[in-house]
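J.: The structure that follows is given in the form of structure tokens.
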Amino acid sequence: MAVMNDENIKVFDHPLIKHKISLLRDKATGTNEFRKLVEEIAMLEGYEALSDLPTELVEVTTPIETCLTPMIAGRKLAIVPILRAGLGMVSGILALVPTAKVGHIGMYRDETTHEPVEYYCKLPSPIEERTIVVTDPMLATGGSAVDAIDQIKKHGGRTIKFMCIIAAPEGVKRLHEAHPDVQIYIGSLDRELNADAYICPGLGDAGDRIFGTK
């Protein structure tokens, strides 16, 4: 995994992630395959992103003897997708941590200003005791990610990770400057945003491609 200049910004270099993202980019990839690929990439990224979850020793009786063995400690995990595209990544992370709680933050992008507008926020409680993974397949301008994490912090969230599949440098810069304490995990760092604030080369509208809408 390649690491950018800051230790809290991590760009994956795994060949499986690269391969699956290339399939996502292809405009011929249909809804069903696209949805499965997003889930698989989220699982691969989550494996690394959750490598620092705290553990504690618990007593377990094996068929041979009783032993102390590590298990995830505390209130465990909260997954907070940014609606709607972020939903596509949730099942991949839940496959790794089925006990995780799931919250939701709803936003849409104003077509004129390209800025996020929030319409919904529901978080697991107590959010301040959990490791929180915010998911959105695309980190473009960074506006939605910044606003979502603003809301989570207002509700008491402290340990926050942001996980995306592709990102534009502009969005990474904006998110990191606004929330330097948040760990950012990126499947692929793309070239730039175009005049319409779409990631290039990108993969189109992730929400439309996950849910088969236009």
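The chains in the structure tokens are called A, B, ... from first to last as shown; in each chain the residues are counted from 1, and the ligands are counted from 1 in the order shown.
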Can you list, as an MDAnalysis selection string, every protein, DNA or RNA residue that comes within 9 Å of His179 of chain A when you count only C-alpha atoms, leaving out same-chain residues fewer than 4 positions away?
T.: chainID A and resid 146 149:150 174:175 183
J.: Find the spatial neighbours of Glu170 of chain A, counting only C-alpha atoms, within a cut-off of 8 Å - ignore same-chain residues fewer than 5 positions away - and output them as a ChimeraX atom specification.
T.: /A:140-142,192-193
J.: When distances are computed from only C-alpha atoms, which of A:Cys164, A:Ile72, A:Ile105, A:Val38 shows the smallest separation from Asp52 of chain A?
T.: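 For Asp52 of chain A, the nearest of the given residues is A:Ile72.
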J.: Would you mind telling me which residue in A:Ile127, A:Met107, A:Val182, A:Ile166 lies nearest to Arg25 of chain A when using only C-alpha atoms?
T.: A:Ile166
J.: Determine the nearest neighbour of Val97 of chain A from the options A:Leu68, A:Val80, A:Met138, A:Met43, counting only C-alpha atoms.
T.: A:Met43
J.: Give me the residues within 12 Å of Asp6 of chain A as a list in words, counting only C-alpha atoms and dropping any in the same chain fewer than 6 places off.
T.: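 Result of the neighbour search: Val172, Lys173, His176, Glu177, Pro180, Asp181, Val182, Gln183, Ile184 and Tyr185 of chain A.
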J.: Considering only C-alpha atoms, state which residue in the set A:Gly103, A:Pro124, A:Pro169, A:Pro116 is at the smallest distance from Ala145 of chain A.
T.: A:Pro116
J.: Considering only C-alpha atoms, tabulate each residue of segment 54-151 of chain A that lies at most 10 Å from segment 196-213 of chain A along with its nearest interatomic pair and the corresponding distance in Å to one decimal; arrange the rows by chain and ascending residue number and present them as a tab-separated table.
T.:
residue	atom	partner	partner_atom	distance
A:Leu83	CA	A:Gly207	CA	8.7
A:Arg84	CA	A:Gly207	CA	6.2
A:Ala85	CA	A:Gly207	CA	4.3
A:Gly86	CA	A:Gly207	CA	8.0
A:Leu87	CA	A:Gly207	CA	8.9
A:Gly88	CA	A:Ile210	CA	6.7
A:Glu111	CA	A:Asp196	CA	8.9
A:Thr112	CA	A:Asp196	CA	9.3
A:Thr113	CA	A:Ala197	CA	9.8
A:His114	CA	A:Ala197	CA	7.0
A:Glu115	CA	A:Ala197	CA	10.0
A:Asp136	CA	A:Ala206	CA	9.1
A:Pro137	CA	A:Ala206	CA	6.7
A:Met138	CA	A:Ala206	CA	7.3
A:Leu139	CA	A:Ile199	CA	8.3
A:Ala140	CA	A:Ile199	CA	5.9
A:Thr141	CA	A:Ala197	CA	6.7
J.: Smallest atom-to-atom distance to Leu16 of chain A: which of A:Val134, A:Phe162, A:Tyr108, A:Ala42, using only C-alpha atoms?
T.: A:Ala42
J.: Find the spatial neighbours of Gly156 of chain A, counting only C-alpha atoms, within a cut-off of 10 Å - ignore same-chain residues fewer than 2 positions away - and output them as a PDB file with N, CA, C and O atoms, in the first residue's frame.
T.:
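Saved as out27.pdb:
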ATOM      1  N   SER A 125     -25.815   5.003  18.714  1.00  0.00           N
ATOM      2  CA  SER A 125     -25.479   5.571  20.023  1.00  0.00           C
ATOM      3  C   SER A 125     -24.914   4.475  20.920  1.00  0.00           C
ATOM      4  O   SER A 125     -25.365   3.319  20.855  1.00  0.00           O
ATOM      5  N   PRO A 126     -23.918   4.812  21.749  1.00  0.00           N
ATOM      6  CA  PRO A 126     -23.212   6.097  21.878  1.00  0.00           C
ATOM      7  C   PRO A 126     -22.108   6.214  20.825  1.00  0.00           C
ATOM      8  O   PRO A 126     -21.151   5.465  20.840  1.00  0.00           O
ATOM      9  N   ILE A 127     -22.236   7.177  19.937  1.00  0.00           N
ATOM     10  CA  ILE A 127     -21.311   7.312  18.814  1.00  0.00           C
ATOM     11  C   ILE A 127     -19.906   7.655  19.288  1.00  0.00           C
ATOM     12  O   ILE A 127     -18.910   7.285  18.650  1.00  0.00           O
ATOM     13  N   GLU A 128     -19.785   8.331  20.422  1.00  0.00           N
ATOM     14  CA  GLU A 128     -18.471   8.769  20.899  1.00  0.00           C
ATOM     15  C   GLU A 128     -17.599   7.607  21.352  1.00  0.00           C
ATOM     16  O   GLU A 128     -16.388   7.751  21.494  1.00  0.00           O
ATOM     17  N   GLU A 129     -18.194   6.431  21.567  1.00  0.00           N
ATOM     18  CA  GLU A 129     -17.434   5.273  22.043  1.00  0.00           C
ATOM     19  C   GLU A 129     -17.034   4.332  20.916  1.00  0.00           C
ATOM     20  O   GLU A 129     -16.446   3.282  21.167  1.00  0.00           O
ATOM     21  N   GLN A 151     -20.773  16.781  10.904  1.00  0.00           N
ATOM     22  CA  GLN A 151     -21.977  16.368  11.631  1.00  0.00           C
ATOM     23  C   GLN A 151     -21.678  15.272  12.651  1.00  0.00           C
ATOM     24  O   GLN A 151     -22.181  15.292  13.777  1.00  0.00           O
ATOM     25  N   ILE A 152     -20.838  14.324  12.270  1.00  0.00           N
ATOM     26  CA  ILE A 152     -20.488  13.241  13.186  1.00  0.00           C
ATOM     27  C   ILE A 152     -19.766  13.793  14.406  1.00  0.00           C
ATOM     28  O   ILE A 152     -20.035  13.398  15.546  1.00  0.00           O
ATOM     29  N   LYS A 153     -18.861  14.722  14.191  1.00  0.00           N
ATOM     30  CA  LYS A 153     -18.141  15.322  15.318  1.00  0.00           C
ATOM     31  C   LYS A 153     -19.081  16.138  16.205  1.00  0.00           C
ATOM     32  O   LYS A 153     -18.938  16.147  17.436  1.00  0.00           O
ATOM     33  N   LYS A 154     -20.054  16.811  15.597  1.00  0.00           N
ATOM     34  CA  LYS A 154     -21.032  17.562  16.391  1.00  0.00           C
ATOM     35  C   LYS A 154     -21.836  16.635  17.297  1.00  0.00           C
ATOM     36  O   LYS A 154     -22.271  17.039  18.386  1.00  0.00           O
ATOM     37  N   ARG A 158     -15.446  10.743  17.631  1.00  0.00           N
ATOM     38  CA  ARG A 158     -14.049  11.147  17.813  1.00  0.00           C
ATOM     39  C   ARG A 158     -13.082  10.367  16.928  1.00  0.00           C
ATOM     40  O   ARG A 158     -12.184  10.942  16.330  1.00  0.00           O
ATOM     41  N   THR A 159     -13.236   9.045  16.880  1.00  0.00           N
ATOM     42  CA  THR A 159     -12.323   8.208  16.107  1.00  0.00           C
ATOM     43  C   THR A 159     -12.975   7.909  14.768  1.00  0.00           C
ATOM     44  O   THR A 159     -13.882   7.082  14.675  1.00  0.00           O
TER      45      THR A 159
END
J.: For a test of reading the model, state the distance in Å between atom CA of Ala148 of chain A and atom CA of Gly171 of chain A, rounded to one decimal.
T.: 13.6 Å
J.: Please determine, counting only C-alpha atoms, which residue among A:Leu57, A:Met89, A:Leu123, A:Ile41 has the shortest atom-to-atom distance to His104 of chain A.
T.: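 Of all the options, A:Leu123 lies closest to His104 of chain A.
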J.: Any idea what's packed within 9 Å of Leu44 of chain A, counting only C-alpha atoms, ignoring anything in its chain fewer than 6 positions away? Could you give it as a compact mmCIF listing (two decimals) with N, CA, C and O atoms, in the first residue's frame?
T.:
# COMPACT_ATOMS: atom_id res chain seq x y z
N HIS A 14 -2.71 -2.49 -3.85
CA HIS A 14 -2.92 -3.93 -3.97
C HIS A 14 -3.43 -4.27 -5.37
O HIS A 14 -4.35 -3.62 -5.87
N LEU A 16 -5.32 -6.62 -6.50
CA LEU A 16 -6.74 -6.98 -6.56
C LEU A 16 -7.61 -5.73 -6.57
O LEU A 16 -8.61 -5.66 -7.30
N ILE A 17 -7.26 -4.75 -5.75
CA ILE A 17 -8.02 -3.50 -5.72
C ILE A 17 -7.88 -2.78 -7.06
O ILE A 17 -8.86 -2.29 -7.63
N GLY A 92 -19.75 -4.91 2.33
CA GLY A 92 -18.38 -5.42 2.31
C GLY A 92 -17.72 -5.31 3.67
O GLY A 92 -16.99 -6.21 4.10
N ILE A 93 -17.97 -4.21 4.38
CA ILE A 93 -17.39 -4.03 5.71
C ILE A 93 -18.12 -4.91 6.73
O ILE A 93 -17.50 -5.48 7.63
J.: Please give the complete set of residues from segment 70-114 of chain A that DSSP, run on the backbone, assigns to alpha helix (DSSP H), formatted as a ChimeraX atom specification.
T.: /A:90-96
J.: Could you write out the selected residues, including N, CA and C atoms, as a PDB file, in the first residue's frame?
T.:
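This is the output file again29.pdb:
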ATOM      1  N   VAL A  90     -21.266  -0.750   2.356  1.00  0.00           N
ATOM      2  CA  VAL A  90     -21.557  -1.202   3.723  1.00  0.00           C
ATOM      3  C   VAL A  90     -21.461  -2.715   3.861  1.00  0.00           C
ATOM      4  N   SER A  91     -22.047  -3.461   2.920  1.00  0.00           N
ATOM      5  CA  SER A  91     -22.078  -4.919   3.065  1.00  0.00           C
ATOM      6  C   SER A  91     -20.686  -5.529   3.052  1.00  0.00           C
ATOM      7  N   GLY A  92     -19.754  -4.910   2.325  1.00  0.00           N
ATOM      8  CA  GLY A  92     -18.380  -5.418   2.309  1.00  0.00           C
ATOM      9  C   GLY A  92     -17.720  -5.310   3.668  1.00  0.00           C
ATOM     10  N   ILE A  93     -17.972  -4.211   4.377  1.00  0.00           N
ATOM     11  CA  ILE A  93     -17.393  -4.033   5.712  1.00  0.00           C
ATOM     12  C   ILE A  93     -18.120  -4.906   6.732  1.00  0.00           C
ATOM     13  N   LEU A  94     -19.450  -5.025   6.577  1.00  0.00           N
ATOM     14  CA  LEU A  94     -20.209  -5.889   7.490  1.00  0.00           C
ATOM     15  C   LEU A  94     -19.786  -7.349   7.371  1.00  0.00           C
ATOM     16  N   ALA A  95     -19.313  -7.746   6.189  1.00  0.00           N
ATOM     17  CA  ALA A  95     -18.819  -9.115   6.037  1.00  0.00           C
ATOM     18  C   ALA A  95     -17.613  -9.358   6.933  1.00  0.00           C
ATOM     19  N   LEU A  96     -16.837  -8.289   7.211  1.00  0.00           N
ATOM     20  CA  LEU A  96     -15.671  -8.400   8.090  1.00  0.00           C
ATOM     21  C   LEU A  96     -16.062  -8.275   9.557  1.00  0.00           C
TER      22      LEU A  96
END
